[in-house]
Amino acid sequence: MSESTTETAPPGGIDYIAVEESPRFVELKRRQRGFVFPLAIAFLVWYFAYVLLSSFARDFMSQRVWGDVTVGLLFGLGQFVTTFAITMTYVWYANRKLDPIAEEIRGELEAQEQEVRS
């Protein structure tokens, strides 16, 4: 089975390959990946450090901070706090840096769609 590829826009439609290769879309992907990948790597390092510490540094993780609260419990709760902080940071970043470019691209596509329909 062979795939057919076209070099032109489909009849009556938008050439989404050209849109994907456009400078604005490439910039949008670059900004999104430039933010998400480092943050994901940092979170995974933090997560695996917690897992490894809980497995191999039991004396450290079982140290009491106050009452029955241990270092391990605080690190575990820190995982939840970190998750919420990353989510809020990404939403802030997307609203300020990604959404304006996405809206610009969407506006251009909607204008092209109107031209095709007219």
# chains A, B, ... in the order shown; residues from 1 in each chain; ligands from 1

$ residues_around --residues "region 42-47 of chain A" --least-positions-apart "5" --cutoff "12 Å" --atoms "only C-alpha atoms" --output "ChimeraX atom specification"
/A:35-37,52-54,75-87

$ closest_atom_pairs --of "region 14-47 of chain A" --to "region 104-118 of chain A" --cutoff "10 Å" --atoms "only C-alpha atoms" --output "Markdown table"
| residue | atom | partner | partner_atom | distance |
| --- | --- | --- | --- | --- |
| A:Ile14 | CA | A:Glu113 | CA | 7.1 |
| A:Asp15 | CA | A:Leu109 | CA | 9.7 |
| A:Tyr16 | CA | A:Leu109 | CA | 9.3 |
| A:Val19 | CA | A:Ile105 | CA | 8.4 |
| A:Ser22 | CA | A:Ile105 | CA | 9.6 |
| A:Arg24 | CA | A:Ile105 | CA | 7.3 |
| A:Phe25 | CA | A:Ile105 | CA | 7.3 |
| A:Leu28 | CA | A:Ile105 | CA | 9.6 |

$ write_last_selection --atoms "N, CA, C and O atoms" --output "mmCIF file, in the first residue's frame"
data_model
loop_
_atom_site.group_PDB
_atom_site.id
_atom_site.type_symbol
_atom_site.label_atom_id
_atom_site.label_comp_id
_atom_site.auth_asym_id
_atom_site.auth_seq_id
_atom_site.Cartn_x
_atom_site.Cartn_y
_atom_site.Cartn_z
ATOM 1 N N ILE A 14 -8.042 24.123 2.806
ATOM 2 C CA ILE A 14 -6.839 24.822 3.254
ATOM 3 C C ILE A 14 -5.682 23.841 3.233
ATOM 4 O O ILE A 14 -5.826 22.683 3.624
ATOM 5 N N ASP A 15 -4.537 24.294 2.799
ATOM 6 C CA ASP A 15 -3.334 23.474 2.771
ATOM 7 C C ASP A 15 -2.718 23.482 4.172
ATOM 8 O O ASP A 15 -1.925 24.353 4.518
ATOM 9 N N TYR A 16 -3.091 22.489 4.971
ATOM 10 C CA TYR A 16 -2.636 22.443 6.354
ATOM 11 C C TYR A 16 -1.153 22.106 6.468
ATOM 12 O O TYR A 16 -0.524 22.457 7.461
ATOM 13 N N VAL A 19 0.448 25.377 6.303
ATOM 14 C CA VAL A 19 0.223 26.082 7.576
ATOM 15 C C VAL A 19 1.207 25.562 8.622
ATOM 16 O O VAL A 19 1.827 26.336 9.349
ATOM 17 N N SER A 22 4.572 26.993 8.118
ATOM 18 C CA SER A 22 4.670 28.452 8.106
ATOM 19 C C SER A 22 5.519 28.947 9.285
ATOM 20 O O SER A 22 5.586 28.302 10.338
ATOM 21 N N ARG A 24 5.069 31.296 11.490
ATOM 22 C CA ARG A 24 4.335 31.554 12.732
ATOM 23 C C ARG A 24 4.015 30.246 13.467
ATOM 24 O O ARG A 24 4.102 30.172 14.683
ATOM 25 N N PHE A 25 3.641 29.207 12.726
ATOM 26 C CA PHE A 25 3.331 27.930 13.351
ATOM 27 C C PHE A 25 4.602 27.283 13.898
ATOM 28 O O PHE A 25 4.593 26.714 14.997
ATOM 29 N N LEU A 28 5.348 28.995 17.057
ATOM 30 C CA LEU A 28 4.430 28.533 18.104
ATOM 31 C C LEU A 28 4.901 27.205 18.680
ATOM 32 O O LEU A 28 4.974 27.036 19.902
#

$ residues_around --residues "Ala94 (chain A)" --least-positions-apart "3" --cutoff "12 Å" --atoms "only C-alpha atoms" --output "list in words"
Leu28, Lys29, Arg31, Gln32, Arg33, Gly34, Phe35, Val36, Ile86, Thr87, Met88, Thr89, Tyr90, Val91, Lys97, Leu98, Asp99, Pro100, Ile101, Ala102 and Glu103 of chain A

$ write_last_selection --atoms "N, CA and C atoms" --output "short mmCIF file (atom, residue, chain, number, x, y, z; two decimals), in the first residue's frame"
data_model
loop_
_atom_site.label_atom_id
_atom_site.label_comp_id
_atom_site.auth_asym_id
_atom_site.auth_seq_id
_atom_site.Cartn_x
_atom_site.Cartn_y
_atom_site.Cartn_z
N LEU A 28 5.35 28.99 17.06
CA LEU A 28 4.43 28.53 18.10
C LEU A 28 4.90 27.21 18.68
N LYS A 29 5.25 26.26 17.83
CA LYS A 29 5.74 24.96 18.30
C LYS A 29 7.05 25.12 19.07
N ARG A 31 8.15 27.74 20.78
CA ARG A 31 7.89 28.32 22.10
C ARG A 31 7.26 27.30 23.04
N GLN A 32 6.29 26.54 22.54
CA GLN A 32 5.61 25.57 23.38
C GLN A 32 6.58 24.49 23.85
N ARG A 33 7.35 23.95 22.93
CA ARG A 33 8.31 22.90 23.29
C ARG A 33 9.44 23.44 24.17
N GLY A 34 9.86 24.67 23.91
CA GLY A 34 10.91 25.28 24.71
C GLY A 34 10.51 25.49 26.16
N PHE A 35 9.21 25.58 26.40
CA PHE A 35 8.72 25.73 27.77
C PHE A 35 8.43 24.36 28.39
N VAL A 36 7.75 23.51 27.64
CA VAL A 36 7.26 22.24 28.19
C VAL A 36 8.39 21.25 28.46
N ILE A 86 3.27 23.78 38.39
CA ILE A 86 3.59 23.63 36.97
C ILE A 86 2.36 23.92 36.12
N THR A 87 1.22 23.40 36.53
CA THR A 87 -0.01 23.64 35.78
C THR A 87 -0.34 25.12 35.72
N MET A 88 -0.29 25.80 36.84
CA MET A 88 -0.60 27.23 36.86
C MET A 88 0.41 28.03 36.04
N THR A 89 1.68 27.65 36.11
CA THR A 89 2.71 28.33 35.33
C THR A 89 2.50 28.13 33.84
N TYR A 90 2.14 26.91 33.45
CA TYR A 90 1.90 26.66 32.03
C TYR A 90 0.69 27.44 31.53
N VAL A 91 -0.37 27.49 32.30
CA VAL A 91 -1.55 28.25 31.89
C VAL A 91 -1.19 29.73 31.74
N LYS A 97 1.97 33.90 25.94
CA LYS A 97 2.94 33.70 24.87
C LYS A 97 2.43 32.84 23.72
N LEU A 98 1.61 31.85 24.01
CA LEU A 98 1.18 30.92 22.98
C LEU A 98 -0.16 31.29 22.35
N ASP A 99 -1.11 31.65 23.18
CA ASP A 99 -2.45 31.94 22.68
C ASP A 99 -2.51 33.08 21.67
N PRO A 100 -1.75 34.18 21.85
CA PRO A 100 -1.81 35.23 20.83
C PRO A 100 -1.37 34.74 19.44
N ILE A 101 -0.34 33.92 19.40
CA ILE A 101 0.11 33.39 18.10
C ILE A 101 -0.93 32.42 17.55
N ALA A 102 -1.47 31.57 18.40
CA ALA A 102 -2.49 30.61 17.96
C ALA A 102 -3.73 31.34 17.43
N GLU A 103 -4.13 32.41 18.10
CA GLU A 103 -5.28 33.18 17.64
C GLU A 103 -5.00 33.84 16.30
#

$ select_by_dssp --residues "chain A" --states "helix (DSSP H, G or I)" --output "count of residues only"
90

$ closest_residue --among "A:Gly72, A:Gly67, A:Glu21, A:Ala40" --to "Ser55 (chain A)" --atoms "only C-alpha atoms"
A:Gly72

$ atom_distance --atom1 "CA of Ser62 (chain A)" --atom2 "CA of Leu74 (chain A)"
10.5 Å

$ atom_distance --atom1 "CA of Val51 (chain A)" --atom2 "CA of Thr70 (chain A)"
15.0 Å

$ atom_distance --atom1 "CA of Glu27 (chain A)" --atom2 "CA of Asn95 (chain A)"
15.5 Å

$ select_by_dssp --residues "chain A" --states "strand (DSSP E)" --output "PyMOL selection string"
chain A and resi 64-66+69-70

$ decode --residues "region 22-103 of chain A" --atoms "C-alpha atoms" --output "compact mmCIF listing (two decimals), in the first residue's frame"
# COMPACT_ATOMS: atom_id res chain seq x y z
CA SER A 22 4.67 28.45 8.11
CA PRO A 23 7.04 30.61 10.20
CA ARG A 24 4.34 31.55 12.73
CA PHE A 25 3.33 27.93 13.35
CA VAL A 26 6.98 26.86 13.63
CA GLU A 27 7.49 29.68 16.15
CA LEU A 28 4.43 28.53 18.10
CA LYS A 29 5.74 24.96 18.30
CA ARG A 30 9.23 26.19 19.24
CA ARG A 31 7.89 28.32 22.10
CA GLN A 32 5.61 25.57 23.38
CA ARG A 33 8.31 22.90 23.29
CA GLY A 34 10.91 25.28 24.71
CA PHE A 35 8.72 25.73 27.77
CA VAL A 36 7.26 22.24 28.19
CA PHE A 37 10.31 20.03 27.69
CA PRO A 38 12.62 21.64 30.28
CA LEU A 39 9.81 21.81 32.81
CA ALA A 40 8.88 18.16 32.18
CA ILE A 41 12.50 17.09 32.58
CA ALA A 42 12.85 19.06 35.81
CA PHE A 43 9.67 17.52 37.21
CA LEU A 44 10.76 13.99 36.25
CA VAL A 45 14.13 14.51 37.94
CA TRP A 46 12.31 15.74 41.07
CA TYR A 47 9.88 12.80 40.91
CA PHE A 48 12.58 10.15 40.44
CA ALA A 49 14.70 11.74 43.18
CA TYR A 50 11.72 11.32 45.51
CA VAL A 51 11.25 7.68 44.46
CA LEU A 52 14.95 6.87 44.80
CA LEU A 53 15.24 8.63 48.15
CA SER A 54 12.21 6.79 49.49
CA SER A 55 13.72 3.49 48.35
CA PHE A 56 17.39 3.93 49.23
CA ALA A 57 17.59 6.71 51.83
CA ARG A 58 15.05 5.45 54.33
CA ASP A 59 16.82 6.93 57.33
CA PHE A 60 16.77 10.38 55.74
CA MET A 61 13.16 10.13 54.56
CA SER A 62 11.97 8.83 57.94
CA GLN A 63 13.46 11.72 59.94
CA ARG A 64 10.72 13.45 61.88
CA VAL A 65 10.28 17.14 61.20
CA TRP A 66 7.60 17.69 63.84
CA GLY A 67 5.27 15.20 65.44
CA ASP A 68 4.54 12.37 63.01
CA VAL A 69 5.43 14.47 59.96
CA THR A 70 8.54 13.11 58.22
CA VAL A 71 10.80 14.38 55.47
CA GLY A 72 9.33 11.72 53.15
CA LEU A 73 5.79 12.94 53.82
CA LEU A 74 6.81 16.53 53.07
CA PHE A 75 8.54 15.47 49.84
CA GLY A 76 5.44 13.48 48.85
CA LEU A 77 3.16 16.44 49.48
CA GLY A 78 5.68 18.55 47.57
CA GLN A 79 4.93 16.42 44.50
CA PHE A 80 1.32 17.64 44.56
CA VAL A 81 2.35 21.24 45.14
CA THR A 82 4.81 21.02 42.27
CA THR A 83 2.17 19.58 39.95
CA PHE A 84 -0.24 22.43 40.69
CA ALA A 85 2.54 25.02 40.36
CA ILE A 86 3.59 23.63 36.97
CA THR A 87 -0.01 23.64 35.78
CA MET A 88 -0.60 27.23 36.86
CA THR A 89 2.71 28.33 35.33
CA TYR A 90 1.90 26.66 32.03
CA VAL A 91 -1.55 28.25 31.89
CA TRP A 92 -0.01 31.66 32.58
CA TYR A 93 2.66 31.09 29.90
CA ALA A 94 0.17 29.80 27.33
CA ASN A 95 -2.19 32.73 27.90
CA ARG A 96 0.60 35.28 27.41
CA LYS A 97 2.94 33.70 24.87
CA LEU A 98 1.18 30.92 22.98
CA ASP A 99 -2.45 31.94 22.68
CA PRO A 100 -1.81 35.23 20.83
CA ILE A 101 0.11 33.39 18.10
CA ALA A 102 -2.49 30.61 17.96
CA GLU A 103 -5.28 33.18 17.64
